[in-house]
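K.L.:
File follows, data-v8.pdb with PDB, C-alpha atoms and all ligand atoms:
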```pdb
ATOM      1  CA  MET N   1       2.496  32.900 -11.518
ATOM      2  CA  GLY N   2       3.553  30.863 -14.576
ATOM      3  CA  ASN N   3       1.986  30.998 -18.035
ATOM      4  CA  LEU N   4      -1.739  30.438 -17.497
ATOM      5  CA  ILE N   5      -2.606  30.209 -21.187
ATOM      6  CA  THR N   6      -1.156  26.853 -22.130
ATOM      7  CA  LYS N   7      -3.402  23.928 -21.276
ATOM      8  CA  THR N   8      -7.106  24.704 -21.452
ATOM      9  CA  THR N   9      -8.151  22.416 -18.629
ATOM     10  CA  GLU N  10      -5.589  24.008 -16.312
ATOM     11  CA  LEU N  11      -6.666  27.531 -17.288
ATOM     12  CA  ALA N  12     -10.295  26.552 -16.668
ATOM     13  CA  MET N  13      -9.467  25.261 -13.201
ATOM     14  CA  SER N  14      -7.111  28.152 -12.292
ATOM     15  CA  VAL N  15      -9.884  30.683 -12.866
ATOM     16  CA  THR N  16     -12.426  28.474 -11.090
ATOM     17  CA  LEU N  17     -10.189  28.198  -8.025
ATOM     18  CA  ALA N  18     -10.186  31.997  -7.694
ATOM     19  CA  TYR N  19     -13.893  31.760  -6.833
ATOM     20  CA  ILE N  20     -13.463  29.046  -4.171
ATOM     21  CA  GLY N  21     -12.390  29.223  -0.545
ATOM     22  CA  LYS N  22     -11.902  26.758   2.314
ATOM     23  CA  GLY N  23     -15.207  25.512   3.673
ATOM     24  CA  ASP N  24     -17.123  26.142   0.438
ATOM     25  CA  THR N  25     -19.547  23.809  -1.297
ATOM     26  CA  VAL N  26     -18.704  23.018  -4.942
ATOM     27  CA  VAL N  27     -19.843  20.592  -7.643
ATOM     28  CA  ASP N  28     -17.970  18.475 -10.169
ATOM     29  CA  ALA N  29     -20.780  17.765 -12.649
ATOM     30  CA  THR N  30     -18.714  15.264 -14.683
ATOM     31  CA  CYS N  31     -16.188  13.447 -12.483
ATOM     32  CA  GLY N  32     -14.598  11.303 -15.209
ATOM     33  CA  SER N  33     -11.331  10.038 -13.760
ATOM     34  CA  GLY N  34     -11.512  12.569 -10.943
ATOM     35  CA  GLN N  35      -8.777  15.070 -11.758
ATOM     36  CA  ASP N  36     -11.085  18.063 -11.359
ATOM     37  CA  THR N  37     -12.796  16.439  -8.374
ATOM     38  CA  LEU N  38      -9.435  16.179  -6.616
ATOM     39  CA  ALA N  39      -8.554  19.809  -7.360
ATOM     40  CA  LEU N  40     -11.941  20.934  -6.025
ATOM     41  CA  SER N  41     -11.629  18.722  -2.945
ATOM     42  CA  ARG N  42      -8.261  20.270  -2.110
ATOM     43  CA  ALA N  43      -9.567  23.783  -2.707
ATOM     44  CA  VAL N  44     -12.482  23.537  -0.268
ATOM     45  CA  GLY N  45     -10.476  21.602   2.336
ATOM     46  CA  GLU N  46     -11.739  19.386   5.143
ATOM     47  CA  THR N  47     -14.459  21.819   6.156
ATOM     48  CA  GLY N  48     -15.835  22.085   2.623
ATOM     49  CA  LYS N  49     -17.934  19.752   0.526
ATOM     50  CA  VAL N  50     -17.769  18.508  -3.059
ATOM     51  CA  TYR N  51     -20.693  16.900  -4.852
ATOM     52  CA  GLY N  52     -19.416  14.705  -7.677
ATOM     53  CA  PHE N  53     -21.719  13.488 -10.453
ATOM     54  CA  ASP N  54     -21.167  10.964 -13.228
ATOM     55  CA  ILE N  55     -23.492   8.516 -14.956
ATOM     56  CA  GLN N  56     -20.774   5.852 -15.272
ATOM     57  CA  LYS N  57     -19.750   3.506 -12.498
ATOM     58  CA  LYS N  58     -16.308   3.186 -14.093
ATOM     59  CA  ALA N  59     -15.762   6.936 -13.786
ATOM     60  CA  LEU N  60     -16.883   7.033 -10.180
ATOM     61  CA  LEU N  61     -14.605   4.108  -9.277
ATOM     62  CA  LEU N  62     -11.634   5.914 -10.860
ATOM     63  CA  THR N  63     -12.556   9.099  -9.006
ATOM     64  CA  GLU N  64     -13.025   7.283  -5.707
ATOM     65  CA  ALA N  65      -9.619   5.609  -6.052
ATOM     66  CA  ARG N  66      -7.926   8.943  -6.861
ATOM     67  CA  LEU N  67      -9.551  10.680  -3.901
ATOM     68  CA  HIS N  68      -8.725   7.786  -1.575
ATOM     69  CA  SER N  69      -5.058   7.809  -2.592
ATOM     70  CA  HIS N  70      -4.903  11.505  -1.666
ATOM     71  CA  GLY N  71      -6.775  11.071   1.620
ATOM     72  CA  CYS N  72      -9.755  13.198   0.562
ATOM     73  CA  SER N  73     -12.957  12.535   2.496
ATOM     74  CA  ASN N  74     -15.023  15.631   1.676
ATOM     75  CA  VAL N  75     -16.557  14.358  -1.579
ATOM     76  CA  HIS N  76     -20.063  12.992  -1.971
ATOM     77  CA  LEU N  77     -20.152  10.920  -5.189
ATOM     78  CA  LEU N  78     -23.438  10.319  -6.982
ATOM     79  CA  MET N  79     -24.045   7.969  -9.918
ATOM     80  CA  LYS N  80     -26.574  10.344 -11.412
ATOM     81  CA  SER N  81     -26.871  12.806 -14.252
ATOM     82  CA  PHE N  82     -25.898  16.399 -13.629
ATOM     83  CA  ALA N  83     -29.460  17.203 -14.715
ATOM     84  CA  GLU N  84     -30.528  15.824 -11.309
ATOM     85  CA  MET N  85     -28.282  18.255  -9.451
ATOM     86  CA  GLY N  86     -31.290  20.132  -8.117
ATOM     87  CA  ASP N  87     -32.363  17.080  -6.087
ATOM     88  CA  HIS N  88     -29.069  17.029  -4.209
ATOM     89  CA  VAL N  89     -27.395  20.428  -4.184
ATOM     90  CA  PRO N  90     -29.298  23.196  -2.366
ATOM     91  CA  GLU N  91     -30.073  26.307  -4.410
ATOM     92  CA  GLU N  92     -27.580  29.169  -4.192
ATOM     93  CA  SER N  93     -25.215  27.029  -2.109
ATOM     94  CA  ALA N  94     -22.276  26.375  -4.433
ATOM     95  CA  ALA N  95     -19.234  28.548  -5.070
ATOM     96  CA  ALA N  96     -18.562  26.675  -8.318
ATOM     97  CA  VAL N  97     -19.989  24.027 -10.631
ATOM     98  CA  VAL N  98     -17.535  22.480 -13.092
ATOM     99  CA  PHE N  99     -18.458  20.622 -16.301
ATOM    100  CA  ASN N 100     -15.953  18.837 -18.515
ATOM    101  CA  LEU N 101     -18.080  17.707 -21.455
ATOM    102  CA  GLY N 102     -17.604  14.747 -23.779
ATOM    103  CA  TYR N 103     -16.634  11.171 -23.017
ATOM    104  CA  LEU N 104     -14.346   9.527 -20.493
ATOM    105  CA  PRO N 105     -10.834   9.340 -21.992
ATOM    106  CA  GLY N 106      -9.923   5.653 -22.249
ATOM    107  CA  GLY N 107     -13.563   4.694 -21.715
ATOM    108  CA  ASP N 108     -16.595   3.989 -23.892
ATOM    109  CA  HIS N 109     -16.798   6.898 -26.358
ATOM    110  CA  SER N 110     -20.511   6.263 -26.929
ATOM    111  CA  ILE N 111     -21.224   7.362 -23.346
ATOM    112  CA  THR N 112     -20.925  11.084 -23.801
ATOM    113  CA  THR N 113     -22.645  14.243 -22.721
ATOM    114  CA  THR N 114     -25.497  15.295 -25.028
ATOM    115  CA  ALA N 115     -26.716  18.792 -25.875
ATOM    116  CA  ASP N 116     -30.222  18.480 -24.401
ATOM    117  CA  GLU N 117     -29.046  16.926 -21.145
ATOM    118  CA  THR N 118     -26.143  19.394 -20.871
ATOM    119  CA  LEU N 119     -28.509  22.364 -21.204
ATOM    120  CA  ARG N 120     -30.680  20.890 -18.437
ATOM    121  CA  GLY N 121     -27.561  20.484 -16.306
ATOM    122  CA  LEU N 122     -26.449  24.058 -16.979
ATOM    123  CA  GLU N 123     -29.826  25.410 -15.869
ATOM    124  CA  CYS N 124     -29.450  23.382 -12.656
ATOM    125  CA  ALA N 125     -25.944  24.749 -12.207
ATOM    126  CA  LEU N 126     -27.157  28.346 -12.466
ATOM    127  CA  LYS N 127     -29.625  27.618  -9.672
ATOM    128  CA  ALA N 128     -27.000  25.831  -7.569
ATOM    129  CA  ILE N 129     -24.392  28.607  -7.573
ATOM    130  CA  ARG N 130     -24.548  31.404  -5.077
ATOM    131  CA  ARG N 131     -24.133  35.076  -5.964
ATOM    132  CA  GLY N 132     -20.502  35.559  -6.910
ATOM    133  CA  GLY N 133     -20.257  31.899  -7.901
ATOM    134  CA  ILE N 134     -19.021  30.454 -11.194
ATOM    135  CA  VAL N 135     -20.066  27.777 -13.667
ATOM    136  CA  THR N 136     -17.115  26.477 -15.674
ATOM    137  CA  VAL N 137     -17.638  24.425 -18.827
ATOM    138  CA  VAL N 138     -14.835  22.775 -20.801
ATOM    139  CA  LEU N 139     -16.083  21.906 -24.300
ATOM    140  CA  TYR N 140     -14.651  19.741 -27.073
ATOM    141  CA  ASP N 141     -15.825  20.257 -30.638
ATOM    142  CA  GLY N 142     -13.386  17.785 -32.234
ATOM    143  CA  HIS N 143     -16.108  15.127 -32.550
ATOM    144  CA  GLU N 144     -19.495  15.479 -34.266
ATOM    145  CA  ALA N 145     -21.724  15.365 -31.188
ATOM    146  CA  GLY N 146     -19.340  17.742 -29.401
ATOM    147  CA  ALA N 147     -19.573  20.363 -32.152
ATOM    148  CA  ALA N 148     -23.386  20.377 -32.023
ATOM    149  CA  GLU N 149     -23.308  20.464 -28.230
ATOM    150  CA  LYS N 150     -20.898  23.391 -28.228
ATOM    151  CA  GLN N 151     -23.115  25.419 -30.548
ATOM    152  CA  ARG N 152     -26.156  24.896 -28.315
ATOM    153  CA  VAL N 153     -24.187  25.720 -25.170
ATOM    154  CA  ILE N 154     -22.821  28.951 -26.658
ATOM    155  CA  GLU N 155     -26.292  29.993 -27.848
ATOM    156  CA  TRP N 156     -27.625  29.298 -24.350
ATOM    157  CA  ALA N 157     -24.887  31.421 -22.768
ATOM    158  CA  GLU N 158     -25.378  34.289 -25.233
ATOM    159  CA  GLY N 159     -29.030  34.404 -24.204
ATOM    160  CA  LEU N 160     -28.379  34.752 -20.477
ATOM    161  CA  ASP N 161     -29.725  37.896 -18.831
ATOM    162  CA  SER N 162     -26.812  40.361 -18.704
ATOM    163  CA  LYS N 163     -28.244  41.941 -15.561
ATOM    164  CA  ARG N 164     -27.789  38.675 -13.673
ATOM    165  CA  TYR N 165     -24.839  36.935 -15.331
ATOM    166  CA  HIS N 166     -21.499  37.499 -17.002
ATOM    167  CA  ALA N 167     -20.555  34.924 -19.634
ATOM    168  CA  ALA N 168     -17.111  34.574 -21.252
ATOM    169  CA  PHE N 169     -15.846  32.165 -23.885
ATOM    170  CA  VAL N 170     -12.165  31.360 -24.433
ATOM    171  CA  SER N 171     -10.606  29.502 -27.362
ATOM    172  CA  LEU N 172      -6.885  28.833 -27.847
ATOM    173  CA  ILE N 173      -7.045  29.801 -31.498
ATOM    174  CA  ASN N 174      -3.529  28.959 -32.740
ATOM    175  CA  GLN N 175      -3.136  25.460 -31.291
ATOM    176  CA  ALA N 176      -3.244  22.132 -33.162
ATOM    177  CA  ASN N 177      -5.692  19.256 -32.666
ATOM    178  CA  ASN N 178      -8.789  21.174 -31.623
ATOM    179  CA  PRO N 179      -7.927  21.853 -28.002
ATOM    180  CA  PRO N 180     -10.933  22.210 -25.712
ATOM    181  CA  GLU N 181     -12.539  25.605 -25.186
ATOM    182  CA  ILE N 182     -13.884  27.206 -22.035
ATOM    183  CA  LEU N 183     -17.131  28.880 -21.100
ATOM    184  CA  TRP N 184     -17.402  30.665 -17.770
ATOM    185  CA  VAL N 185     -20.643  32.057 -16.371
ATOM    186  CA  THR N 186     -20.668  34.046 -13.144
ATOM    187  CA  LYS N 187     -23.715  35.113 -11.135
ATOM    188  CA  LYS N 188     -23.952  38.751 -10.036
TER     189      LYS N 188
HETATM  190  C1  LIG V   1     -14.478  14.386 -20.343
HETATM  191  S1  LIG V   1     -15.068  13.346 -19.065
HETATM  192  C2  LIG V   1     -14.741  14.257 -17.586
HETATM  193  C3  LIG V   1     -13.290  14.312 -17.208
HETATM  194  C4  LIG V   1     -13.068  14.747 -15.766
HETATM  195  N1  LIG V   1     -13.398  16.135 -15.522
HETATM  196  C5  LIG V   1     -11.663  14.487 -15.254
HETATM  197  O1  LIG V   1     -11.052  15.372 -14.629
HETATM  198  O2  LIG V   1     -11.186  13.358 -15.464
HETATM  199  C6  LIG V   1     -16.822  13.454 -19.214
HETATM  200  C7  LIG V   1     -17.587  12.603 -18.219
HETATM  201  O3  LIG V   1     -18.951  13.014 -18.253
HETATM  202  C8  LIG V   1     -19.747  11.903 -17.917
HETATM  203  N2  LIG V   1     -21.149  12.182 -18.278
HETATM  204  C9  LIG V   1     -21.768  12.062 -19.478
HETATM  205  N3  LIG V   1     -23.057  12.453 -19.384
HETATM  206  C10 LIG V   1     -23.252  12.825 -18.092
HETATM  207  C11 LIG V   1     -24.375  13.317 -17.360
HETATM  208  N4  LIG V   1     -25.564  13.502 -17.954
HETATM  209  N5  LIG V   1     -24.234  13.575 -16.038
HETATM  210  C12 LIG V   1     -23.013  13.398 -15.426
HETATM  211  N6  LIG V   1     -21.923  12.934 -16.072
HETATM  212  C13 LIG V   1     -22.036  12.651 -17.385
HETATM  213  C14 LIG V   1     -19.091  10.755 -18.677
HETATM  214  O4  LIG V   1     -19.458   9.519 -18.109
HETATM  215  C15 LIG V   1     -17.595  11.095 -18.512
HETATM  216  O5  LIG V   1     -17.034  10.394 -17.434
END
```
Show me the file's structure as structure tokens.

P.N.:
Amino acid sequence: MGNLITKTTELAMSVTLAYIGKGDTVVDATCGSGQDTLALSRAVGETGKVYGFDIQKKALLLTEARLHSHGCSNVHLLMKSFAEMGDHVPEESAAAVVFNLGYLPGGDHSITTTADETLRGLECALKAIRRGGIVTVVLYDGHEAGAAEKQRVIEWAEGLDSKRYHAAFVSLINQANNPPEILWVTKK
């Protein structure tokens, strides 16, 4: 194994993948350009299923193109908010739900995740994961809305019942340019 603690997004996904096996159901709550969606699709394999959410058509088109170029056919893409996850993903069915908060890089920066909607999505994610499952959240506090969102998300996680969940927060504290941070929540 190489150095895991370099790029936050890779660390977030490496830990997430440890909770996922072939044939599992997983969720990418924020597809963006589809990098995480592709990693999840590969992890669950042909017998598994990925639900991919994004509110932007542009993001879903980028994700669809990425998946198509890698021959992935196990992803169900939805142009809906992650706060509607409960209408599509059965309770206690998912091995993992992954959020990468903020805006689409190279896209419209005004279309971003917001604290209220993110908290609704996180509650849905807790219902969607099975026992032993994980919710992974990559957060960016380098922009104003992101800083407020991060604070609310951390407060939410700190308040989770310790008998039912483990929550961990990781920050790469000596790196330049406000690298993203990671919250993991696992269900006992
Ligand atoms: C930082 S990007 C995700 C990057 C992505 N994980 C990747 O690998 O490319 C954040 C995405 O969240 C989407 N988004 C914002 N609010 C959302 C919501 N309520 N539900 C689902 N997606 C949302 C944005 O449209 C944007 O594409």

K.L.:
Please find the residues contacting ligand LIG 1 (chain V) at a distance of at most 6 Å between atoms, with only C-alpha atoms and all ligand atoms counted, and report them as a list in words.

P.N.:
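Those residues are Ala29, Thr30, Cys31, Gly32, Ser33, Gly34, Gln35, Asp36, Phe53, Asp54, Ile55, Gln56, Ala59, Ser81, Phe82, Asn100, Leu101, Gly102, Tyr103, Leu104, Ile111, Thr112, Thr113 and Glu117 of chain N.
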
K.L.:
List the neighbours of N:Ala115 out to 12 Å using only C-alpha atoms; skip same-chain residues closer than 2 positions along the sequence, and give me the result as a ChimeraX atom specification.

P.N.:
/N:83,101-102,112-113,117-122,139,141,144-156

K.L.:
Could you state the separation of atom CA of N:Asn177 and atom CA of N:Gly142 in Å, given to one decimal place?

P.N.:
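Result for atom CA of N:Asn177 versus atom CA of N:Gly142: 7.8 Å, one decimal.
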
K.L.:
For the atom pair atom CA of N:Glu181 and atom CA of N:Gly2, what is the interatomic distance in Å to one decimal place?

P.N.:
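Taking atom CA of N:Glu181 as the start and atom CA of N:Gly2 as the end point, the length is 20.0 Å.
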
K.L.:
Go through N:Leu183, N:Leu61, N:Ala94, N:Ile134 one by one, measure the shortest atom-to-atom distance of each to N:Gly23 using all atoms listed in the file, and give the residue with the smallest value.

P.N.:
N:Ala94

K.L.:
Running the PyMOL selection byres (((chain N and resi 3-18) around 7) and not hetatm) on this model by hand, what would come out? Give it as a list in words.

P.N.:
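Applied to this file, the PyMOL selection byres (((chain N and resi 3-18) around 7) and not hetatm) returns Met1, Gly2, Tyr19, Ile20, Ala43, Ala96, Ile134, Thr136, Pro180, Glu181 and Ile182 of chain N.
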
K.L.:
So what do you get for atom CA of N:Phe99 versus atom CA of N:Val138, distance-wise?

P.N.:
6.2 Å

K.L.:
In terms of the shortest atom-to-atom distance over all atoms listed in the file, which of N:Thr114, N:Thr63, N:Asn74, N:Ser162 is closest to N:Asp24?

P.N.:
N:Asn74

K.L.:
When you count all atoms listed in the file, which of these residues is closest to N:His88: N:Ala167, N:Cys124, N:Val185, N:Ile173?

P.N.:
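Using all atoms listed in the file, the shortest distance to N:His88 belongs to N:Cys124.
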
K.L.:
Using all atoms listed in the file, can you tell me which of N:Gly133, N:Met79, N:Lys57, N:Glu64 comes closest to N:Thr37?

P.N.:
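Ranking N:Gly133, N:Met79, N:Lys57, N:Glu64 by distance to N:Thr37, first place goes to N:Glu64.
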
K.L.:
Which residues match the PyMOL selection byres (((chain N and resi 186) around 9) and not hetatm) in the file above, as a ChimeraX atom specification?

P.N.:
/N:126,129,131-136,164-168,184-185,187-188

K.L.:
Which residue gives the smallest distance to N:Gly52 among N:Gly159, N:Val97, N:Asp87, N:Gly71, with all atoms listed in the file counted?

P.N.:
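Of the candidates, the smallest distance to N:Gly52 is held by N:Val97.
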
K.L.:
What's the 9 Å shell around N:Cys72, counting only C-alpha atoms, without same-chain residues fewer than 6 positions away, as a list of chain:residue names?

P.N.:
N:Leu38, N:Ser41, N:Arg42, N:Gly45, N:Glu46, N:Arg66

K.L.:
Convert the output of the PyMOL selection byres (((chain N and resi 50) around 8) and not hetatm) on the shown file into explicit residues, formatted as a list of chain:residue names.

P.N.:
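So the PyMOL selection byres (((chain N and resi 50) around 8) and not hetatm), applied here, picks out N:Thr25, N:Val26, N:Val27, N:Asp28, N:Thr37, N:Leu40, N:Ser41, N:Val44, N:Gly48, N:Lys49, N:Tyr51, N:Gly52, N:Asn74, N:Val75, N:His76.
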